[in-house]
file protein.cif (mmCIF, C-alpha atoms)
data_work
loop_
_atom_site.label_atom_id
_atom_site.label_comp_id
_atom_site.auth_asym_id
_atom_site.auth_seq_id
_atom_site.Cartn_x
_atom_site.Cartn_y
_atom_site.Cartn_z
CA MET A 1 0.00 0.00 0.00
CA ILE A 2 1.33 3.44 -0.96
CA PHE A 3 -0.07 6.97 -0.66
CA ALA A 4 -0.24 9.58 -3.41
CA ASN A 5 -0.37 12.42 -0.82
CA PRO A 6 1.47 11.03 2.24
CA ASN A 7 1.86 14.47 3.88
CA TYR A 8 -1.84 14.41 4.79
CA LEU A 9 -1.10 11.58 7.24
CA TYR A 10 0.40 14.16 9.61
CA LEU A 11 -3.18 15.25 10.28
CA LEU A 12 -3.53 12.07 12.35
CA LEU A 13 -1.69 13.97 15.09
CA LEU A 14 -4.86 16.02 15.56
CA LEU A 15 -6.46 12.97 17.15
CA ILE A 16 -4.23 13.37 20.22
CA PRO A 17 -5.76 16.68 21.42
CA LEU A 18 -9.26 15.38 20.59
CA ILE A 19 -8.75 12.31 22.77
CA GLY A 20 -7.23 14.50 25.50
CA TRP A 21 -10.23 16.83 25.38
CA TYR A 22 -12.63 13.89 25.68
CA ILE A 23 -10.83 12.48 28.74
CA TRP A 24 -10.79 15.93 30.38
CA LYS A 25 -14.51 16.37 29.70
CA ILE A 26 -15.35 12.98 31.24
CA ARG A 27 -13.41 13.76 34.39
CA LYS A 28 -14.94 17.19 34.65
CA ASN A 29 -18.41 15.69 34.63
CA GLN A 30 -17.63 13.56 37.73
CA ALA A 31 -19.11 14.76 41.06
CA SER A 32 -16.64 16.84 43.03
CA ILE A 33 -18.60 16.94 46.35
CA GLN A 34 -18.73 13.83 48.55
CA VAL A 35 -21.73 13.23 50.86
CA SER A 36 -22.67 10.53 53.33
CA SER A 37 -24.28 7.52 51.79
CA SER A 38 -25.67 4.18 52.90
CA GLN A 39 -24.60 2.62 49.60
CA ALA A 40 -22.09 0.34 51.37
CA PHE A 41 -24.91 -1.43 53.24
CA GLU A 42 -27.04 -1.93 50.16
CA ALA A 43 -26.95 -5.01 47.95
CA PRO A 44 -24.47 -4.64 45.05
CA LYS A 45 -26.02 -3.59 41.77
CA MET A 46 -25.26 -5.28 38.47
CA THR A 47 -23.34 -3.09 36.03
CA THR A 48 -25.34 -2.73 32.80
CA TYR A 49 -23.90 -3.03 29.28
CA LYS A 50 -24.44 0.68 28.77
CA VAL A 51 -21.63 1.40 31.21
CA TYR A 52 -19.18 -0.61 29.14
CA LEU A 53 -20.40 0.83 25.83
CA ARG A 54 -20.69 4.49 26.86
CA HIS A 55 -17.36 5.41 25.19
CA LEU A 56 -18.07 3.45 21.99
CA PRO A 57 -19.59 6.39 19.99
CA PHE A 58 -16.48 8.48 20.65
CA VAL A 59 -14.20 5.61 19.61
CA LEU A 60 -16.19 5.16 16.41
CA ARG A 61 -15.96 8.90 15.70
CA MET A 62 -12.15 8.89 16.15
CA ILE A 63 -11.74 5.89 13.86
CA ALA A 64 -13.91 7.59 11.21
CA ILE A 65 -11.86 10.79 11.39
CA ALA A 66 -8.62 8.78 11.08
CA LEU A 67 -9.95 6.97 8.00
CA ILE A 68 -11.06 10.26 6.42
CA ILE A 69 -7.48 11.51 6.77
CA VAL A 70 -6.27 8.28 5.15
CA ILE A 71 -8.68 8.93 2.24
CA LEU A 72 -7.18 12.42 1.81
CA ALA A 73 -3.75 10.78 1.54
CA ARG A 74 -5.10 8.71 -1.42
CA PRO A 75 -4.15 5.09 -0.65
CA GLN A 76 -3.11 3.16 -3.74
CA SER A 77 -2.14 -0.43 -4.44
CA THR A 78 0.06 -1.96 -7.13
CA ASN A 79 0.28 -5.51 -8.33
CA SER A 80 4.07 -5.64 -8.36
CA TRP A 81 7.23 -3.54 -8.17
CA GLN A 82 10.56 -4.40 -9.70
CA ASN A 83 13.88 -2.80 -10.53
CA SER A 84 15.01 -3.45 -14.09
CA THR A 85 17.45 -2.23 -16.67
CA THR A 86 16.01 -0.86 -19.89
CA GLU A 87 17.21 1.10 -22.90
CA GLY A 88 16.13 4.65 -23.63
CA ILE A 89 17.44 7.83 -25.26
CA ASP A 90 16.01 11.07 -26.65
CA ILE A 91 15.57 11.15 -30.42
CA MET A 92 14.38 13.89 -32.77
CA MET A 93 13.42 12.69 -36.24
CA VAL A 94 13.79 15.29 -39.01
CA LEU A 95 11.87 14.52 -42.20
CA ASP A 96 12.05 16.25 -45.60
CA ILE A 97 8.56 16.86 -47.05
CA SER A 98 9.56 18.78 -50.18
CA THR A 99 7.80 17.85 -53.43
CA SER A 100 10.77 15.78 -54.62
CA MET A 101 9.82 13.24 -51.90
CA LEU A 102 6.98 12.17 -54.23
CA ALA A 103 9.50 10.45 -56.53
CA GLU A 104 8.71 6.76 -56.84
CA ASP A 105 12.13 5.14 -56.84
CA LEU A 106 11.03 3.92 -53.38
CA LYS A 107 7.56 2.41 -53.14
CA PRO A 108 4.94 3.78 -53.07
CA ASN A 109 7.07 6.94 -52.97
CA ARG A 110 9.97 8.31 -50.91
CA LEU A 111 7.80 10.06 -48.35
CA GLU A 112 5.46 7.14 -47.65
CA ALA A 113 8.39 4.71 -47.50
CA ALA A 114 10.16 6.99 -45.01
CA LYS A 115 6.99 7.28 -42.88
CA ASP A 116 6.48 3.49 -42.80
CA VAL A 117 10.06 2.73 -41.80
CA ALA A 118 10.11 5.53 -39.22
CA ALA A 119 6.89 4.18 -37.68
CA SER A 120 8.44 0.72 -37.36
CA PHE A 121 11.52 2.30 -35.79
CA ILE A 122 9.35 4.12 -33.21
CA ASN A 123 7.41 0.95 -32.36
CA GLY A 124 10.70 -0.81 -31.70
CA ARG A 125 11.81 1.76 -29.10
CA PRO A 126 9.00 1.99 -26.52
CA ASN A 127 11.22 3.51 -23.80
CA ASP A 128 12.54 6.47 -25.80
CA ASN A 129 11.46 10.09 -25.89
CA ILE A 130 10.92 10.71 -29.60
CA GLY A 131 9.90 13.89 -31.41
CA LEU A 132 9.35 14.91 -35.02
CA VAL A 133 10.41 17.96 -37.07
CA LEU A 134 9.30 18.51 -40.68
CA PHE A 135 10.97 20.75 -43.21
CA ALA A 136 10.81 21.87 -46.83
CA GLY A 137 11.39 25.55 -47.61
CA GLU A 138 10.57 26.19 -43.94
CA SER A 139 10.56 24.04 -40.81
CA PHE A 140 8.16 23.34 -37.94
CA THR A 141 7.82 20.88 -35.07
CA GLN A 142 5.14 18.30 -35.75
CA CYS A 143 5.59 16.68 -32.30
CA PRO A 144 7.89 17.57 -29.38
CA LEU A 145 9.76 14.88 -27.46
CA THR A 146 7.26 12.43 -26.01
CA THR A 147 6.95 8.88 -24.74
CA ASP A 148 3.33 8.79 -25.95
CA HIS A 149 4.15 7.05 -29.19
CA THR A 150 0.49 6.53 -30.04
CA VAL A 151 0.05 10.29 -30.44
CA LEU A 152 3.30 10.52 -32.41
CA LEU A 153 2.29 7.76 -34.82
CA ASN A 154 -1.12 9.36 -35.35
CA LEU A 155 0.63 12.61 -36.32
CA PHE A 156 2.68 10.67 -38.87
CA LYS A 157 -0.53 9.84 -40.71
CA ASP A 158 -1.17 13.53 -41.40
CA ILE A 159 2.22 14.21 -42.98
CA ARG A 160 2.02 15.09 -46.67
CA VAL A 161 3.84 17.09 -49.30
CA GLY A 162 2.62 20.69 -49.60
CA MET A 163 2.07 21.34 -45.90
CA ILE A 164 4.59 24.18 -46.06
CA GLN A 165 6.41 26.20 -48.73
CA ASP A 166 8.44 24.04 -51.10
CA ARG A 167 12.26 23.90 -51.51
CA THR A 168 14.77 22.25 -49.16
CA ALA A 169 16.03 23.98 -45.99
CA ILE A 170 18.19 21.24 -44.44
CA GLY A 171 20.02 23.64 -42.11
CA LEU A 172 16.77 25.12 -40.82
CA GLY A 173 15.24 21.69 -40.17
CA LEU A 174 18.35 20.55 -38.30
CA ALA A 175 18.54 23.75 -36.25
CA ASN A 176 14.87 23.38 -35.27
CA ALA A 177 15.49 19.83 -34.06
CA VAL A 178 18.55 20.97 -32.07
CA SER A 179 16.48 23.63 -30.31
CA ARG A 180 13.93 20.98 -29.34
CA ILE A 181 16.39 18.46 -27.89
CA LYS A 182 19.27 20.59 -26.57
CA ASP A 183 17.80 21.01 -23.07
CA SER A 184 17.13 17.30 -22.64
CA GLN A 185 18.61 15.68 -19.52
CA ALA A 186 19.19 12.38 -21.32
CA ILE A 187 22.73 11.01 -21.47
CA SER A 188 22.33 10.29 -25.18
CA LYS A 189 20.70 12.82 -27.55
CA VAL A 190 20.27 11.88 -31.20
CA ILE A 191 18.85 13.45 -34.37
CA ILE A 192 17.98 11.38 -37.45
CA LEU A 193 17.75 13.62 -40.52
CA LEU A 194 16.30 12.23 -43.76
CA THR A 195 16.35 14.18 -47.02
CA ASP A 196 16.50 13.57 -50.76
CA GLY A 197 18.01 16.86 -51.92
CA SER A 198 20.44 19.71 -51.42
CA ASN A 199 20.07 22.73 -49.17
CA ASN A 200 18.63 25.59 -51.24
CA ALA A 201 16.60 27.59 -48.70
CA GLY A 202 16.68 28.89 -45.16
CA GLU A 203 18.98 31.33 -43.42
CA ILE A 204 20.96 28.67 -41.51
CA ALA A 205 23.64 26.65 -43.31
CA PRO A 206 23.56 22.88 -42.63
CA VAL A 207 27.19 22.86 -41.41
CA THR A 208 26.46 25.72 -39.01
CA ALA A 209 23.50 23.78 -37.57
CA ALA A 210 25.80 20.76 -37.22
CA GLU A 211 28.29 22.84 -35.22
CA ILE A 212 25.49 23.92 -32.89
CA ALA A 213 24.43 20.28 -32.46
CA ARG A 214 27.98 19.27 -31.58
CA ALA A 215 28.17 22.07 -28.98
CA PHE A 216 25.18 20.52 -27.18
CA GLY A 217 26.50 16.96 -27.42
CA ILE A 218 23.96 15.85 -30.01
CA ARG A 219 24.79 13.14 -32.55
CA VAL A 220 23.25 13.49 -35.99
CA TYR A 221 22.63 10.54 -38.30
CA THR A 222 21.94 11.68 -41.85
CA VAL A 223 20.07 9.62 -44.44
CA GLY A 224 20.09 10.44 -48.15
CA VAL A 225 17.08 8.78 -49.76
CA GLY A 226 16.90 8.20 -53.52
CA THR A 227 18.24 5.88 -56.17
CA ARG A 228 21.43 6.61 -58.05
CA GLY A 229 20.85 8.21 -61.43
CA MET A 230 17.29 8.96 -62.53
CA ALA A 231 14.03 8.49 -60.63
CA PRO A 232 10.39 8.46 -61.85
CA TYR A 233 8.48 11.53 -60.71
CA PRO A 234 4.70 12.02 -61.13
CA PHE A 235 3.42 15.20 -62.84
CA GLN A 236 -0.23 16.19 -62.87
CA THR A 237 -1.38 17.05 -66.40
CA ALA A 238 -4.70 17.75 -68.11
CA ILE A 239 -4.98 14.10 -69.10
CA GLY A 240 -3.98 12.72 -65.72
CA VAL A 241 -0.76 11.80 -63.95
CA GLN A 242 2.26 11.46 -66.20
CA TYR A 243 5.71 10.24 -65.17
CA GLN A 244 9.03 11.77 -66.06
CA ASN A 245 12.49 10.66 -65.00
CA ILE A 246 14.34 13.33 -63.03
CA GLU A 247 17.92 13.37 -61.82
CA VAL A 248 18.50 12.44 -58.18
CA ASP A 249 20.48 15.29 -56.65
CA ILE A 250 21.52 14.57 -53.04
CA ASP A 251 24.23 16.72 -51.46
CA GLU A 252 26.06 13.75 -49.98
CA PRO A 253 29.25 15.69 -49.04
CA THR A 254 27.25 18.05 -46.83
CA LEU A 255 25.28 15.22 -45.23
CA GLN A 256 28.54 13.36 -44.59
CA GLN A 257 30.06 16.47 -43.05
CA ILE A 258 27.06 16.96 -40.74
CA ALA A 259 27.38 13.38 -39.51
CA ALA A 260 31.17 13.57 -39.09
CA THR A 261 30.98 16.88 -37.22
CA THR A 262 28.55 15.52 -34.62
CA GLY A 263 29.97 12.00 -34.27
CA GLY A 264 27.15 10.36 -36.20
CA GLN A 265 27.10 8.48 -39.51
CA TYR A 266 25.82 9.05 -43.04
CA PHE A 267 23.70 6.45 -44.85
CA ARG A 268 22.37 6.21 -48.41
CA ALA A 269 19.01 4.54 -49.01
CA THR A 270 18.45 3.62 -52.65
CA ASN A 271 15.42 1.38 -52.06
CA ASN A 272 12.96 0.30 -49.37
CA ARG A 273 15.15 -2.55 -48.14
CA ASN A 274 18.17 -0.24 -47.74
CA LEU A 275 16.07 2.23 -45.77
CA LYS A 276 14.89 -0.46 -43.35
CA GLU A 277 18.45 -1.70 -42.90
CA ILE A 278 19.63 1.84 -42.15
CA TYR A 279 17.09 2.36 -39.38
CA SER A 280 17.93 -1.09 -38.01
CA GLU A 281 21.61 -0.10 -37.92
CA ILE A 282 20.83 3.16 -36.12
CA ASP A 283 18.67 1.19 -33.68
CA LYS A 284 21.67 -1.02 -32.85
CA LEU A 285 24.06 1.90 -32.52
CA GLU A 286 21.89 3.89 -30.13
CA LYS A 287 21.29 1.79 -27.03
CA THR A 288 21.79 3.38 -23.60
CA LYS A 289 21.01 1.23 -20.56
CA ILE A 290 19.24 2.98 -17.70
CA SER A 291 17.95 1.62 -14.38
CA VAL A 292 14.23 2.10 -13.81
CA GLN A 293 11.64 0.96 -11.27
CA GLU A 294 8.57 -0.51 -12.90
CA TYR A 295 5.15 -1.47 -11.60
CA SER A 296 2.51 -3.41 -13.42
CA LYS A 297 -0.68 -1.71 -12.24
CA LYS A 298 -1.78 1.02 -9.84
CA GLN A 299 -5.30 1.64 -8.57
CA GLU A 300 -7.01 3.85 -6.00
CA GLU A 301 -8.17 2.16 -2.79
CA TYR A 302 -10.14 5.01 -1.18
CA LYS A 303 -13.57 3.65 -2.11
CA THR A 304 -13.41 0.75 0.35
CA VAL A 305 -12.19 3.06 3.11
CA ALA A 306 -14.99 5.54 2.35
CA ILE A 307 -17.60 2.81 2.74
CA VAL A 308 -16.12 1.85 6.13
CA VAL A 309 -16.24 5.52 7.23
CA PHE A 310 -19.92 5.76 6.25
CA LEU A 311 -20.77 2.59 8.20
CA LEU A 312 -18.88 3.78 11.28
CA LEU A 313 -20.65 7.14 11.31
CA LEU A 314 -24.01 5.46 10.77
CA LEU A 315 -23.36 3.05 13.67
CA GLU A 316 -22.29 5.93 15.92
CA ILE A 317 -25.49 7.87 15.21
CA LEU A 318 -27.66 4.82 15.82
CA LEU A 319 -25.97 4.08 19.15
CA ARG A 320 -25.96 7.70 20.29
CA TYR A 321 -29.71 8.17 19.68
CA THR A 322 -31.01 4.70 20.58
CA LEU A 323 -29.25 2.32 23.00
CA LEU A 324 -26.82 4.86 24.44
CA ARG A 325 -29.12 7.87 24.37
CA LYS A 326 -28.52 10.28 27.25
CA ILE A 327 -31.36 11.99 29.04
CA PRO A 328 -30.47 15.51 30.22
#
call {"tool": "encode", "arguments": {"input": "protein.cif", "output": "structure tokens"}}
result
Amino acid sequence: MIFANPNYLYLLLLLIPLIGWYIWKIRKNQASIQVSSSQAFEAPKMTTYKVYLRHLPFVLRMIAIALIIVILARPQSTNSWQNSTTEGIDIMMVLDISTSMLAEDLKPNRLEAAKDVAASFINGRPNDNIGLVLFAGESFTQCPLTTDHTVLLNLFKDIRVGMIQDRTAIGLGLANAVSRIKDSQAISKVIILLTDGSNNAGEIAPVTAAEIARAFGIRVYTVGVGTRGMAPYPFQTAIGVQYQNIEVDIDEPTLQQIAATTGGQYFRATNNRNLKEIYSEIDKLEKTKISVQEYSKKQEEYKTVAIVVFLLLLLEILLRYTLLRKIP
């Protein structure tokens, strides 16, 4: 049994003056003048049950007050407690949502493939704080660091191309992620940045953002997504969707420099299988063991105590106004 508000238990000390007051009142009500009596020559009288029970209403009242204080302290029970070692770090995922992510060299396209693999990665790390930053010509935080992965995965479903101004601001996206994770108290802080292009927007250079990340002890893993050579890209025309092969232009030197500056690694994903293998590799690289105390289930126990309090007060009232009723 544990208490959510244990400080309220100090109120139990109030019972001491209440009991003292009751004893003083009983003594005060005793006769203070002695007179002659022939009681010694009379036959002894049998003591009735009322004499033995006369203090019972007060006892019931004190027990009820004590239990009310226990209710205020919120008693709780758990099925089990255990100390265990688990793995957990803080991770910000940075995802490119520029229009080039609609290219279909990955299936069904780069963006959807990246979302699917990222979701699997999140499901495989239940103990991590994970957040999400999106960028194209601008950048914004889709989800701050959280352990509520259900909410995070639901937000993934709403990600689409065209949410913000087009182009590719890699430096701005990275800087936004750094600002979100820099104050974390975790021993290991990681950013996973996925893009399929070259920085051509934003007022922050990617290398500058990498220097800032290094200053805060943040490792950055960069992923360039796209086949080598040409990739099919869908264009909307008057007669429907038409495909045209466009050149895959990933600024690999800059992505490599970002990773090297922060102590991370650069990966190239040319198909869906490569992308899954990359996230699996990052998953293996980033494992930090931490000691935690776990419990299986917690539930409030005040309801049972409240029922007992009600019964005690009801019994006190019945006794006080029936069997133990005092006549002035």
call {"tool": "closest_residue", "arguments": {"input": "protein.cif", "among": "A:Val309, A:Asp158, A:Leu323, A:Pro253", "to": "Leu60 in chain A", "atoms": "all atoms listed in the file"}}
result
A:Val309
call {"tool": "residues_around", "arguments": {"input": "protein.cif", "residues": "Met93 in chain A", "least_positions_apart": "3", "cutoff": "6 Å", "atoms": "all atoms listed in the file", "output": "ChimeraX atom specification"}}
result
/A:132,191-192
call {"tool": "resolve_selection", "arguments": {"input": "protein.cif", "expression": "the PyMOL selection byres ((chain A and resi 144) around 7)", "output": "PyMOL selection string"}}
result
chain A and resi 131-132+141-143+145-146+180
call {"tool": "closest_residue", "arguments": {"input": "protein.cif", "among": "A:Met92, A:Ile68, A:Val178, A:Val248", "to": "Asp128 in chain A", "atoms": "only C-alpha atoms"}}
result
A:Met92
call {"tool": "atom_distance", "arguments": {"input": "protein.cif", "atom1": "CA of Met101 in chain A", "atom2": "CA of Arg125 in chain A"}}
result
25.6 Å
call {"tool": "atom_distance", "arguments": {"input": "protein.cif", "atom1": "CA of Asn127 in chain A", "atom2": "CA of Arg219 in chain A"}}
result
18.8 Å
call {"tool": "atom_distance", "arguments": {"input": "protein.cif", "atom1": "CA of Ser98 in chain A", "atom2": "CA of Val223 in chain A"}}
result
15.1 Å
call {"tool": "residues_near_point", "arguments": {"input": "protein.cif", "point": "(29.5, 16.8, -39.9)", "cutoff": "12 Å", "atoms": "only C-alpha atoms", "output": "ChimeraX atom specification"}}
result
/A:171,174,205-214,218-222,252-266
call {"tool": "resolve_selection", "arguments": {"input": "protein.cif", "expression": "the PyMOL selection byres ((chain A and resi 57) around 7)", "output": "PyMOL selection string"}}
result
chain A and resi 55-56+58-61+316+319-320
call {"tool": "resolve_selection", "arguments": {"input": "protein.cif", "expression": "the PyMOL selection byres ((chain A and resi 140) around 10)", "output": "list in words"}}
result
Val94, Leu132, Val133, Leu134, Phe135, Ala136, Glu138, Ser139, Thr141, Gln142, Cys143, Ile164, Leu172, Gly173, Asn176 and Ala177 of chain A
call {"tool": "closest_residue", "arguments": {"input": "protein.cif", "among": "A:Ile130, A:Leu18, A:Ile23, A:Leu275", "to": "Ile89 in chain A", "atoms": "only C-alpha atoms"}}
result
A:Ile130
call {"tool": "residues_around", "arguments": {"input": "protein.cif", "residues": "Asp105 in chain A", "least_positions_apart": "4", "cutoff": "9 Å", "atoms": "all atoms listed in the file", "output": "number ranges by chain"}}
result
A: 109-110, 226-227, 230-233, 270-272
call {"tool": "closest_residue", "arguments": {"input": "protein.cif", "among": "A:Leu111, A:Leu285, A:Ile278, A:Met1", "to": "Tyr302 in chain A", "atoms": "all atoms listed in the file"}}
result
A:Met1
call {"tool": "closest_residue", "arguments": {"input": "protein.cif", "among": "A:Ile187, A:Ile97, A:Ile181, A:Leu311", "to": "Met163 in chain A", "atoms": "only C-alpha atoms"}}
result
A:Ile97
call {"tool": "residues_near_point", "arguments": {"input": "protein.cif", "point": "(3.5, 7.7, -34.5)", "cutoff": "10 Å", "atoms": "only C-alpha atoms", "output": "list in words"}}
result
Lys115, Asp116, Ala118, Ala119, Ser120, Phe121, Ile122, Asn123, Ile130, Gly131, Leu132, Cys143, Asp148, His149, Thr150, Val151, Leu152, Leu153, Asn154, Leu155, Phe156 and Lys157 of chain A
call {"tool": "closest_residue", "arguments": {"input": "protein.cif", "among": "A:Leu313, A:Ile63, A:Leu9, A:Ile91", "to": "Glu286 in chain A", "atoms": "all atoms listed in the file"}}
result
A:Ile91
call {"tool": "residues_around", "arguments": {"input": "protein.cif", "residues": "Val70 in chain A", "least_positions_apart": "6", "cutoff": "12 Å", "atoms": "all atoms listed in the file", "output": "MDAnalysis selection string"}}
result
chainID A and resid 1:12 63:64 76 301:306 308:309
